[in-house]
file final15.tsv (TSV, C-alpha atoms and all ligand atoms)
chain	number	residue	atom	x	y	z
A	21	MET	CA	-16.66	-30.39	-43.24
A	22	ARG	CA	-20.41	-29.84	-43.61
A	23	LYS	CA	-21.02	-33.35	-42.27
A	24	CYS	CA	-19.05	-32.53	-39.09
A	25	ILE	CA	-21.21	-29.50	-38.30
A	26	CYS	CA	-24.43	-31.50	-38.70
A	27	LEU	CA	-23.18	-34.21	-36.42
A	28	TYR	CA	-22.20	-31.67	-33.77
A	29	LYS	CA	-25.62	-30.00	-33.89
A	30	GLY	CA	-27.29	-33.37	-33.70
A	31	VAL	CA	-25.45	-34.23	-30.49
A	32	ARG	CA	-26.18	-30.82	-28.96
A	33	TYR	CA	-29.91	-30.81	-29.62
A	34	GLY	CA	-30.08	-34.45	-28.53
A	35	LYS	CA	-28.68	-33.52	-25.09
A	36	ILE	CA	-31.12	-30.64	-24.64
A	37	TYR	CA	-34.10	-32.85	-25.54
A	38	PHE	CA	-32.83	-35.49	-23.07
A	39	LEU	CA	-32.61	-32.91	-20.25
A	40	TYR	CA	-36.08	-31.57	-21.13
A	41	LYS	CA	-37.55	-35.07	-20.92
A	42	ILE	CA	-36.07	-36.02	-17.55
A	43	MET	CA	-36.59	-32.66	-15.79
A	44	GLY	CA	-40.11	-31.88	-16.92
A	45	LYS	CA	-41.15	-28.67	-18.68
A	46	THR	CA	-41.58	-26.34	-15.64
A	47	LEU	CA	-38.37	-27.37	-13.89
A	48	TYR	CA	-36.42	-27.17	-17.17
A	49	ILE	CA	-37.57	-23.57	-17.85
A	50	THR	CA	-36.83	-22.53	-14.23
A	51	VAL	CA	-33.28	-23.94	-14.21
A	52	MET	CA	-32.27	-22.89	-17.72
A	53	PHE	CA	-33.83	-19.40	-17.97
A	54	VAL	CA	-35.38	-17.94	-14.80
A	55	VAL	CA	-32.52	-18.60	-12.33
A	56	PRO	CA	-29.72	-17.18	-14.59
A	57	PHE	CA	-31.88	-14.11	-15.28
A	58	ILE	CA	-32.44	-13.41	-11.57
A	59	MET	CA	-28.77	-13.97	-10.75
A	60	THR	CA	-27.72	-11.43	-13.40
A	61	VAL	CA	-30.24	-8.69	-12.63
A	62	ILE	CA	-30.24	-8.61	-8.79
A	63	PRO	CA	-26.53	-7.83	-8.14
A	64	LEU	CA	-26.46	-5.10	-10.83
A	65	SER	CA	-29.50	-3.28	-9.48
A	66	CYS	CA	-28.18	-3.42	-5.89
A	67	LYS	CA	-24.82	-1.87	-6.82
A	68	ARG	CA	-26.38	1.00	-8.74
A	69	ASP	CA	-28.73	1.93	-5.88
A	70	VAL	CA	-25.90	2.04	-3.36
A	71	THR	CA	-23.67	4.34	-5.44
A	72	LYS	CA	-26.51	6.73	-6.29
A	73	ILE	CA	-27.46	7.20	-2.64
A	74	ARG	CA	-23.90	7.95	-1.56
A	75	ASP	CA	-23.14	11.06	-3.58
A	76	GLY	CA	-24.82	11.09	-6.94
A	77	ALA	CA	-21.79	9.89	-8.89
A	78	ARG	CA	-22.80	7.19	-11.34
A	79	ASP	CA	-21.60	3.63	-11.15
A	80	TYR	CA	-18.63	2.81	-13.33
A	81	ILE	CA	-18.02	-0.64	-11.90
A	82	SER	CA	-19.02	-2.70	-14.93
A	83	ARG	CA	-16.33	-1.05	-17.05
A	84	ALA	CA	-13.56	-0.99	-14.46
A	85	ASP	CA	-10.67	-3.40	-14.11
A	86	THR	CA	-11.19	-5.97	-11.36
A	87	THR	CA	-8.07	-5.13	-9.33
A	88	SER	CA	-7.46	-1.67	-7.93
A	89	ASN	CA	-3.66	-1.78	-7.95
A	90	VAL	CA	-1.52	0.59	-9.93
A	91	ARG	CA	2.01	-0.21	-11.12
A	92	ILE	CA	4.48	2.70	-11.10
A	93	LEU	CA	7.89	2.54	-12.71
A	94	LEU	CA	10.22	4.06	-10.10
A	95	ILE	CA	13.59	3.38	-11.79
A	96	ASP	CA	14.41	2.03	-15.22
A	97	ARG	CA	17.68	0.28	-16.11
A	98	ALA	CA	19.09	0.53	-12.58
A	99	ALA	CA	22.48	-1.06	-11.88
A	100	LYS	CA	22.26	-0.69	-8.12
A	101	ILE	CA	19.75	0.57	-5.56
A	102	THR	CA	19.55	0.59	-1.79
A	103	LEU	CA	16.66	-1.17	-0.10
A	104	ALA	CA	15.43	-1.32	3.50
A	105	VAL	CA	12.29	-2.63	5.20
A	106	ASN	CA	11.58	-1.43	8.71
A	107	GLY	CA	9.31	-4.32	9.71
A	108	ARG	CA	8.31	-7.86	8.78
A	109	TYR	CA	8.63	-8.64	5.11
A	110	GLN	CA	8.40	-11.42	2.54
A	111	ILE	CA	10.24	-11.91	-0.73
A	112	LEU	CA	8.15	-13.56	-3.42
A	113	GLY	CA	9.25	-15.09	-6.72
A	114	SER	CA	7.55	-14.38	-10.04
A	115	LEU	CA	4.96	-17.09	-9.33
A	116	SER	CA	4.02	-15.35	-6.06
A	117	ASN	CA	5.69	-18.13	-4.08
A	118	ILE	CA	7.37	-17.01	-0.84
A	119	ILE	CA	11.10	-17.61	-1.20
A	120	ASP	CA	12.38	-15.65	1.80
A	121	GLN	CA	11.17	-13.63	4.77
A	122	GLY	CA	12.44	-11.72	7.78
A	123	ILE	CA	11.49	-9.42	10.63
A	124	LYS	CA	13.50	-6.43	9.34
A	125	LEU	CA	15.77	-5.68	6.39
A	126	ASP	CA	18.57	-3.25	7.20
A	127	LYS	CA	19.64	-0.93	4.41
A	128	THR	CA	21.29	-3.09	1.80
A	129	THR	CA	22.28	-3.03	-1.86
A	130	VAL	CA	20.36	-4.67	-4.70
A	131	TYR	CA	22.22	-5.63	-7.88
A	132	ILE	CA	22.42	-8.34	-10.55
A	133	GLU	CA	25.32	-10.78	-10.88
A	134	ASN	CA	25.47	-13.99	-12.96
A	135	GLY	CA	21.74	-13.81	-13.67
A	136	ARG	CA	20.90	-13.71	-9.97
A	137	ILE	CA	19.24	-10.87	-8.07
A	138	TYR	CA	21.34	-9.98	-5.01
A	139	ILE	CA	19.76	-8.36	-1.97
A	140	GLY	CA	22.78	-7.77	0.22
A	141	ASP	CA	24.61	-11.09	0.63
A	142	ARG	CA	21.58	-13.18	-0.32
A	143	SER	CA	20.89	-13.99	-3.95
A	144	TYR	CA	17.89	-15.37	-5.82
A	145	TYR	CA	17.84	-17.10	-9.18
A	146	ASN	CA	14.65	-15.38	-10.31
A	147	SER	CA	13.82	-13.06	-13.20
A	148	GLU	CA	11.59	-11.09	-10.84
A	149	LEU	CA	11.28	-10.55	-7.10
A	150	ARG	CA	8.49	-8.92	-5.15
A	151	ILE	CA	9.26	-7.46	-1.72
A	152	LYS	CA	6.17	-7.23	0.43
A	153	ASN	CA	6.03	-5.31	3.70
A	154	LEU	CA	3.69	-7.11	6.10
A	155	GLU	CA	3.34	-4.09	8.36
A	156	ASP	CA	2.41	-0.53	7.49
A	157	SER	CA	5.94	0.84	7.73
A	158	GLY	CA	6.75	1.02	4.02
A	159	ILE	CA	9.75	-0.06	1.95
A	160	GLU	CA	12.65	2.31	1.44
A	161	VAL	CA	14.17	2.52	-2.05
A	162	ASN	CA	17.12	4.92	-2.37
A	163	THR	CA	15.96	6.83	0.75
A	164	VAL	CA	12.34	7.26	-0.46
A	165	LEU	CA	9.67	5.35	1.46
A	166	TYR	CA	6.94	3.55	-0.52
A	167	ARG	CA	3.74	2.02	0.83
A	168	GLY	CA	3.23	-0.63	-1.87
A	169	ASP	CA	5.06	-3.81	-2.88
A	170	ILE	CA	8.42	-3.27	-4.56
A	171	ARG	CA	9.14	-5.41	-7.62
A	172	ILE	CA	12.61	-5.95	-9.04
A	173	LEU	CA	12.52	-7.06	-12.69
A	174	GLN	CA	15.69	-8.18	-14.42
A	175	GLN	CA	16.55	-6.46	-17.70
A	176	ILE	CA	19.55	-7.09	-19.94
A	177	ASP	CA	23.19	-6.14	-19.17
A	178	LYS	CA	22.87	-6.65	-15.39
A	179	LYS	CA	20.27	-3.90	-15.24
A	180	PHE	CA	16.87	-4.04	-13.60
A	181	SER	CA	13.71	-2.00	-13.28
A	182	VAL	CA	12.07	-1.11	-9.97
A	183	ILE	CA	8.28	-1.00	-9.93
A	184	GLU	CA	5.99	-0.15	-7.05
A	185	GLU	CA	2.61	-1.87	-7.00
A	186	THR	CA	0.14	-0.23	-4.68
A	187	GLU	CA	-3.55	0.49	-4.15
A	188	ILE	CA	-4.67	3.33	-6.40
A	189	GLU	CA	-6.02	5.32	-3.43
A	190	ASN	CA	-2.62	5.11	-1.69
A	191	PHE	CA	-0.95	6.35	-4.83
A	192	VAL	CA	-3.39	9.26	-5.28
A	193	ALA	CA	-2.84	10.24	-1.60
A	194	GLY	CA	0.93	10.31	-2.23
A	195	VAL	CA	0.64	12.32	-5.46
A	196	ILE	CA	-1.77	14.95	-4.17
A	197	GLY	CA	0.62	15.99	-1.41
A	198	CYS	CA	3.31	16.66	-4.03
A	199	GLU	CA	1.08	18.16	-6.72
A	200	MET	CA	-0.75	20.74	-4.59
A	201	PRO	CA	0.29	22.48	-1.33
A	202	ASN	CA	-1.27	20.76	1.67
A	203	ALA	CA	-2.40	24.12	3.09
A	204	TRP	CA	-4.60	24.87	0.09
A	205	GLU	CA	-8.39	24.88	0.23
A	206	GLU	CA	-10.00	21.47	0.73
A	207	GLU	CA	-12.35	21.90	-2.24
A	208	ALA	CA	-9.37	22.62	-4.52
A	209	LEU	CA	-7.58	19.54	-3.13
A	210	ARG	CA	-10.69	17.39	-3.70
A	211	SER	CA	-10.96	18.52	-7.33
A	212	GLN	CA	-7.26	17.76	-7.75
A	213	ALA	CA	-7.72	14.30	-6.21
A	214	VAL	CA	-10.45	13.41	-8.71
A	215	ALA	CA	-8.32	14.72	-11.60
A	216	ILE	CA	-5.32	12.63	-10.46
A	217	ARG	CA	-7.45	9.50	-9.98
A	218	THR	CA	-9.02	9.96	-13.42
A	219	TYR	CA	-5.61	10.43	-15.05
A	220	VAL	CA	-4.22	7.35	-13.29
A	221	GLU	CA	-7.26	5.27	-14.24
A	222	SER	CA	-6.92	6.26	-17.90
A	223	LYS	CA	-3.31	5.05	-17.76
A	224	ARG	CA	-4.28	1.80	-16.02
A	225	LYS	CA	-6.78	1.13	-18.76
A	226	ALA	CA	-4.43	2.04	-21.62
A	227	LYS	CA	-1.50	0.02	-20.25
A	228	LYS	CA	-3.28	-2.81	-18.50
A	229	ASN	CA	-1.18	-5.48	-20.25
A	230	GLU	CA	2.17	-3.75	-19.72
A	231	SER	CA	4.58	-4.20	-16.83
A	232	TYR	CA	3.76	-0.73	-15.50
A	233	HIS	CA	0.97	1.81	-15.94
A	234	LEU	CA	2.82	5.02	-15.18
A	235	ASP	CA	6.34	6.34	-15.08
A	236	LYS	CA	7.03	8.09	-11.75
A	237	SER	CA	8.14	11.21	-13.65
A	238	GLU	CA	4.67	11.70	-15.17
A	239	LEU	CA	3.30	12.97	-11.85
A	240	ALA	CA	4.97	14.54	-8.84
A	241	TYR	CA	5.35	11.53	-6.54
A	242	LYS	CA	7.61	11.00	-3.56
A	243	GLY	CA	6.04	7.89	-2.08
A	244	MET	CA	4.71	8.16	1.47
A	245	LEU	CA	6.35	11.56	1.90
A	246	GLY	CA	3.41	13.16	0.08
A	247	GLU	CA	0.85	11.55	2.41
A	248	THR	CA	-0.55	13.62	5.26
A	249	ALA	CA	-3.59	13.22	7.50
A	250	LYS	CA	-5.25	15.92	5.38
A	251	SER	CA	-4.41	14.27	2.04
A	252	ARG	CA	-5.76	10.94	3.40
A	253	LYS	CA	-9.03	12.63	4.36
A	254	ILE	CA	-9.31	14.37	0.98
A	255	ILE	CA	-8.84	11.03	-0.77
A	256	GLN	CA	-11.46	9.32	1.39
A	257	ASP	CA	-13.97	12.10	0.63
A	258	THR	CA	-13.76	11.35	-3.10
A	259	ALA	CA	-12.68	7.67	-3.00
A	260	GLY	CA	-13.36	5.81	-6.22
A	261	ILE	CA	-14.75	8.84	-8.07
A	262	VAL	CA	-13.51	9.62	-11.58
A	263	MET	CA	-14.56	11.81	-14.48
A	264	THR	CA	-15.85	10.37	-17.74
A	265	TYR	CA	-16.97	11.68	-21.09
A	266	ASN	CA	-19.51	9.61	-23.04
A	267	GLY	CA	-19.08	6.95	-20.38
A	268	GLU	CA	-15.33	6.65	-20.90
A	269	ILE	CA	-12.51	7.74	-18.61
A	270	PHE	CA	-10.19	10.28	-20.26
A	271	SER	CA	-6.68	11.63	-19.56
A	272	ALA	CA	-7.61	14.36	-17.09
A	273	TYR	CA	-4.52	16.54	-17.50
A	274	PHE	CA	-3.78	19.32	-15.04
A	275	HIS	CA	-1.11	21.98	-14.65
A	276	SER	CA	-0.02	24.85	-12.41
A	277	THR	CA	-1.20	28.05	-14.10
A	278	CYS	CA	-2.93	28.47	-17.47
A	279	GLY	CA	-2.35	32.22	-17.79
A	280	GLY	CA	-5.99	33.12	-18.51
A	281	HIS	CA	-7.35	30.33	-20.74
A	282	THR	CA	-6.69	26.59	-20.72
A	283	GLU	CA	-5.51	24.85	-23.87
A	284	ASP	CA	-6.86	22.33	-26.38
A	285	VAL	CA	-5.38	18.84	-25.82
A	286	ASN	CA	-5.31	18.29	-29.57
A	287	LEU	CA	-2.93	21.20	-30.14
A	288	VAL	CA	-0.62	20.43	-27.22
A	289	PHE	CA	-0.35	16.63	-27.30
A	290	GLY	CA	-1.76	15.88	-30.78
A	291	LYS	CA	-4.46	13.77	-29.13
A	292	GLU	CA	-8.00	13.42	-30.39
A	293	LYS	CA	-10.20	16.44	-29.67
A	294	LEU	CA	-12.35	15.99	-26.57
A	295	PRO	CA	-14.92	18.49	-25.21
A	296	PRO	CA	-13.67	18.30	-21.56
A	297	LEU	CA	-10.13	19.07	-22.77
A	298	ALA	CA	-10.91	21.63	-25.48
A	299	GLY	CA	-9.83	24.64	-23.37
A	300	VAL	CA	-11.90	27.08	-21.31
A	301	LYS	CA	-11.58	30.65	-20.12
A	302	CYS	CA	-10.09	30.37	-16.63
A	303	GLY	CA	-10.19	33.86	-15.16
A	304	TYR	CA	-9.05	32.70	-11.71
A	305	CYS	CA	-5.25	32.34	-11.82
A	306	ASN	CA	-3.95	35.91	-12.08
A	307	ASN	CA	-2.65	35.72	-8.49
A	308	SER	CA	-0.13	33.07	-9.53
A	309	LYS	CA	3.43	34.35	-9.79
A	310	TYR	CA	3.62	32.48	-13.10
A	311	TYR	CA	0.63	34.33	-14.59
A	312	ASN	CA	3.13	36.62	-16.34
A	313	TRP	CA	6.83	35.87	-16.48
A	314	LYS	CA	10.07	36.81	-18.21
A	315	VAL	CA	13.16	34.64	-18.51
A	316	ASN	CA	16.46	34.94	-20.31
A	317	ILE	CA	17.99	31.71	-21.61
A	318	GLU	CA	21.47	31.42	-23.14
A	319	LYS	CA	21.39	30.36	-26.81
A	320	SER	CA	24.20	27.89	-26.18
A	321	ALA	CA	22.10	26.18	-23.49
A	322	ILE	CA	19.16	25.84	-25.91
A	323	VAL	CA	21.37	24.47	-28.72
A	324	HIS	CA	22.99	22.02	-26.31
A	325	LYS	CA	19.59	20.62	-25.28
A	326	LEU	CA	18.24	20.61	-28.85
A	327	LYS	CA	21.21	18.48	-29.98
A	328	LYS	CA	19.51	15.50	-28.31
A	329	VAL	CA	16.70	15.63	-30.89
A	330	ASN	CA	17.93	17.81	-33.73
A	331	GLY	CA	21.62	18.24	-34.50
A	332	ARG	CA	21.02	20.60	-37.43
A	333	ILE	CA	20.17	23.63	-35.30
A	334	SER	CA	22.99	26.06	-34.60
A	335	GLY	CA	23.47	29.83	-34.42
A	336	ILE	CA	19.93	30.61	-33.23
A	337	ILE	CA	18.54	33.82	-34.70
A	338	SER	CA	14.97	33.60	-33.46
A	339	VAL	CA	12.47	31.37	-31.63
A	340	LYS	CA	8.75	31.69	-32.31
A	341	ALA	CA	5.77	29.92	-30.77
A	342	ILE	CA	3.38	29.36	-33.67
A	343	ASN	CA	-0.10	27.93	-34.40
A	344	PRO	CA	-1.52	28.87	-31.00
A	345	GLY	CA	-4.67	27.31	-29.61
A	346	PRO	CA	-7.55	29.05	-27.80
A	347	GLY	CA	-5.33	29.47	-24.69
A	348	ASN	CA	-2.62	31.14	-26.79
A	349	HIS	CA	-0.11	28.36	-26.12
A	350	GLY	CA	1.88	27.68	-29.27
A	351	SER	CA	1.41	24.19	-30.65
A	352	GLU	CA	4.70	24.38	-32.56
A	353	VAL	CA	7.95	26.25	-32.23
A	354	GLU	CA	9.85	27.60	-35.20
A	355	ILE	CA	13.57	28.03	-34.65
A	356	ALA	CA	15.52	30.08	-37.19
A	357	GLY	CA	19.23	29.33	-37.16
A	358	ALA	CA	22.34	29.58	-39.33
A	359	ASN	CA	21.19	26.52	-41.35
A	360	GLY	CA	17.61	27.64	-41.93
A	361	LYS	CA	14.35	27.13	-40.09
A	362	GLU	CA	13.28	24.10	-38.10
A	363	ARG	CA	9.92	23.33	-36.50
A	364	MET	CA	9.13	21.13	-33.57
A	365	ASN	CA	6.30	20.39	-31.15
A	366	ALA	CA	6.08	23.32	-28.74
A	367	ASN	CA	5.48	21.30	-25.58
A	368	GLY	CA	8.38	19.02	-26.53
A	369	PHE	CA	10.57	22.13	-26.89
A	370	ARG	CA	9.45	23.41	-23.47
A	371	LEU	CA	10.26	20.11	-21.77
A	372	LEU	CA	13.59	19.88	-23.54
A	373	VAL	CA	14.70	23.39	-22.56
A	374	GLY	CA	13.40	22.62	-19.07
A	375	PRO	CA	9.90	23.10	-17.61
A	376	ASN	CA	11.47	25.08	-14.75
A	377	ASN	CA	13.25	27.41	-17.21
A	378	LEU	CA	10.72	27.89	-19.97
A	379	TYR	CA	7.46	27.88	-18.04
A	380	SER	CA	4.96	27.56	-20.88
A	381	THR	CA	4.60	27.72	-24.64
A	382	ALA	CA	2.41	30.86	-24.45
A	383	PHE	CA	5.41	33.11	-25.09
A	384	THR	CA	6.94	35.68	-27.38
A	385	ALA	CA	10.72	35.66	-27.73
A	386	LYS	CA	13.34	38.27	-28.53
A	387	ASN	CA	16.91	37.86	-29.71
A	388	ASN	CA	19.24	39.33	-27.08
A	389	GLY	CA	22.64	38.60	-28.59
A	390	ASN	CA	23.94	35.59	-26.70
A	391	SER	CA	20.57	34.81	-25.21
A	392	ILE	CA	16.88	34.73	-26.02
A	393	SER	CA	14.50	36.56	-23.72
A	394	PHE	CA	11.11	34.91	-23.36
A	395	SER	CA	8.00	36.72	-22.09
A	396	GLY	CA	5.07	34.47	-21.39
A	397	LYS	CA	2.00	33.45	-19.45
A	398	GLY	CA	1.29	30.45	-17.24
A	399	TRP	CA	3.25	27.44	-16.04
A	400	GLY	CA	2.78	24.01	-17.54
A	401	HIS	CA	1.21	22.59	-20.70
A	402	GLY	CA	-2.07	24.45	-20.11
A	403	VAL	CA	-4.44	21.47	-20.60
A	404	GLY	CA	-7.23	20.60	-18.15
A	405	LEU	CA	-7.41	21.83	-14.55
A	406	CYS	CA	-5.50	25.03	-13.72
A	407	GLN	CA	-4.31	24.49	-10.12
A	408	TYR	CA	-4.02	28.17	-9.15
A	409	GLY	CA	-7.44	28.74	-10.72
A	410	ALA	CA	-8.93	25.84	-8.73
A	411	GLN	CA	-7.54	27.33	-5.51
A	412	THR	CA	-9.09	30.74	-6.24
A	413	MET	CA	-12.43	29.13	-7.18
A	414	ALA	CA	-12.40	27.22	-3.86
A	415	LYS	CA	-11.66	30.45	-1.96
A	416	LYS	CA	-14.62	32.06	-3.70
A	417	GLY	CA	-16.89	29.27	-2.42
A	418	PHE	CA	-17.10	26.86	-5.36
A	419	ASN	CA	-17.12	23.18	-4.41
A	420	TRP	CA	-14.96	20.49	-6.00
A	421	ARG	CA	-17.71	19.36	-8.39
A	422	GLU	CA	-18.17	22.93	-9.66
A	423	ILE	CA	-14.41	23.35	-10.08
A	424	LEU	CA	-14.25	20.16	-12.17
A	425	GLU	CA	-17.29	21.20	-14.21
A	426	HIS	CA	-15.54	24.47	-14.99
A	427	TYR	CA	-12.22	23.01	-16.11
A	428	TYR	CA	-13.55	19.80	-17.70
A	429	PRO	CA	-16.84	20.92	-19.30
A	430	LYS	CA	-19.31	18.17	-20.26
A	431	SER	CA	-17.51	15.61	-18.12
A	432	GLU	CA	-19.56	13.41	-15.81
A	433	LEU	CA	-18.62	12.07	-12.38
A	434	MET	CA	-18.76	8.32	-11.91
A	435	ARG	CA	-17.91	5.99	-9.08
A	436	MET	CA	-15.68	3.03	-9.85
A	437	TYR	CA	-15.81	1.29	-6.49
B	1	ZN	ZN	-5.86	29.52	-15.00
call {"tool": "encode", "arguments": {"input": "final15.tsv", "output": "structure tokens", "more": "lines below"}}
Ligand SMILES: [Zn+2]
result
Amino acid sequence: MRKCICLYKGVRYGKIYFLYKIMGKTLYITVMFVVPFIMTVIPLSCKRDVTKIRDGARDYISRADTTSNVRILLIDRAAKITLAVNGRYQILGSLSNIIDQGIKLDKTTVYIENGRIYIGDRSYYNSELRIKNLEDSGIEVNTVLYRGDIRILQQIDKKFSVIEETEIENFVAGVIGCEMPNAWEEEALRSQAVAIRTYVESKRKAKKNESYHLDKSELAYKGMLGETAKSRKIIQDTAGIVMTYNGEIFSAYFHSTCGGHTEDVNLVFGKEKLPPLAGVKCGYCNNSKYYNWKVNIEKSAIVHKLKKVNGRISGIISVKAINPGPGNHGSEVEIAGANGKERMNANGFRLLVGPNNLYSTAFTAKNNGNSISFSGKGWGHGVGLCQYGAQTMAKKGFNWREILEHYYPKSELMRMY
């Protein structure tokens, strides 16, 4: 083994000496050291100057992924969908080879039969298909119009998943129109755009080797329906800008109304503590109708939903939000029932009961016989940007950078592209 290494080194050094002899000392040093050094340094310094001049956000390009596409899971385990393309299109196989094309695809059904993907009366013996619209008219999936490519991926039992692959800026433009009212202040919308882009980028990074980066249900997204001329402008104003902490992109959560103080990500999602997501006093969202709320929820409805995760709970006596964080959102919920007490993650409980029924985990609850009455503050998980707070800050004259600094303290803006 040792002999092999020596031989290898001998050959290597022999080649270098040979090159040195035939090229001459000066030429050898220029080719081997000076040229590679110049080629490395010049492009880096140019990029950094350009981004600094534009708006002060620092360059993130060296850490970013090379492509700027995001993959969104629209439907999982579908048996049938409808598909239409109002314009020229191509159908590509998994190796990106064009296997079909047309000038228009009228509304048709997609399904799997005998291992083949059927699009209407045409079928393709492929595990995956990509439908590409060659115009800017979008592709309709179950009546919703999407701007990106639509991928159909076969799963087992004649099921398939539907994934949209689109430019991140297109996706952010679609999400912002659904996450925040279009009529809101532009500075609030810009802060929201940067938060969405940062959240999406953190997902792209975390799931770069998976078939999709995000599930459609994680963010309000209705394809091109959310895009407006205003949302397009807002996106352009902040294009490529994300927030980082210690040079790393983080999950920039956001929610509707915090109820006075945002919450610590560690207590809500069990994620590592992070200064930008530790929770801050908001003080700007008391005009939200969800700042204070009261709801009455039938015990039977709660038990029915809890059965999905915990079949032991019955005969609810009390529900308590416990171990609150700085924003007073409970991190756990304790449910006392006929069979004793059970604890579960508070945000998980909220989502299970229904985020449109139980608005937040900052609540106190009272037994009302057949129902539990909840009194609480805020709407959403409470972590990161408070949307109603951002709107009030914008109305008071704060710009989008100041809004982000307030809700994500110690974060730094960087430009990815
Ligand atoms: Zn707030």
call {"tool": "residues_near_ligand", "arguments": {"input": "final15.tsv", "ligand": "ligand ZN 1 (chain B)", "cutoff": "8 Å", "atoms": "all atoms listed in the file", "output": "JSON, numbers by chain"}}
result
{"A": [276, 277, 278, 279, 280, 281, 282, 301, 302, 303, 304, 305, 306, 398, 405, 406, 407, 408, 409, 410]}
call {"tool": "closest_residue", "arguments": {"input": "final15.tsv", "among": "A:Ile337, A:Ile111, A:Ile196, A:Val285", "to": "Lys250 of chain A", "atoms": "all atoms listed in the file"}}
result
A:Ile196
call {"tool": "residues_near_point", "arguments": {"input": "final15.tsv", "point": "(8.6, -15.5, -2.7)", "cutoff": "10 Å", "atoms": "all atoms listed in the file", "output": "MDAnalysis selection string"}}
result
chainID A and resid 110:121 144 146 148:152
call {"tool": "atom_distance", "arguments": {"input": "final15.tsv", "atom1": "atom CA of Thr129 of chain A", "atom2": "atom CA of Arg167 of chain A"}}
result
19.4 Å
call {"tool": "residues_around", "arguments": {"input": "final15.tsv", "residues": "Gly107 of chain A", "least_positions_apart": "3", "cutoff": "8 Å", "atoms": "only C-alpha atoms", "output": "JSON, numbers by chain"}}
result
{"A": [123, 124, 125, 153, 154, 155, 157]}
call {"tool": "residues_around", "arguments": {"input": "final15.tsv", "residues": "Phe369 of chain A", "least_positions_apart": "2", "cutoff": "10 Å", "atoms": "only C-alpha atoms", "output": "list of chain:residue names"}}
result
A:Ile322, A:Lys325, A:Leu326, A:Val329, A:Ala341, A:Glu352, A:Val353, A:Glu354, A:Arg363, A:Met364, A:Asn365, A:Ala366, A:Asn367, A:Leu371, A:Leu372, A:Val373, A:Gly374, A:Pro375, A:Leu378, A:Ser380, A:Thr381
call {"tool": "residues_near_point", "arguments": {"input": "final15.tsv", "point": "(-18.1, 12.3, -9.1)", "cutoff": "6 Å", "atoms": "all atoms listed in the file", "output": "PDB file with C-alpha atoms, in the coordinates of the input"}}
result
ATOM      1  CA  ALA A  77     -21.790   9.890  -8.890  1.00  0.00           C
ATOM      2  CA  ILE A 261     -14.750   8.840  -8.070  1.00  0.00           C
ATOM      3  CA  VAL A 262     -13.510   9.620 -11.580  1.00  0.00           C
ATOM      4  CA  LEU A 433     -18.620  12.070 -12.380  1.00  0.00           C
ATOM      5  CA  MET A 434     -18.760   8.320 -11.910  1.00  0.00           C
TER       6      MET A 434
END
call {"tool": "atom_distance", "arguments": {"input": "final15.tsv", "atom1": "atom CA of Leu297 of chain A", "atom2": "atom CA of Ser431 of chain A"}}
result
9.4 Å
call {"tool": "closest_residue", "arguments": {"input": "final15.tsv", "among": "A:Gly347, A:Ala203, A:Gly404, A:Gly335", "to": "Ile216 of chain A", "atoms": "all atoms listed in the file"}}
result
A:Gly404
call {"tool": "atom_distance", "arguments": {"input": "final15.tsv", "atom1": "atom CA of Leu287 of chain A", "atom2": "atom CA of Tyr427 of chain A"}}
result
16.9 Å
call {"tool": "closest_residue", "arguments": {"input": "final15.tsv", "among": "A:Glu184, A:Glu133, A:Asp169, A:Asp126", "to": "Ile95 of chain A", "atoms": "all atoms listed in the file"}}
result
A:Glu184
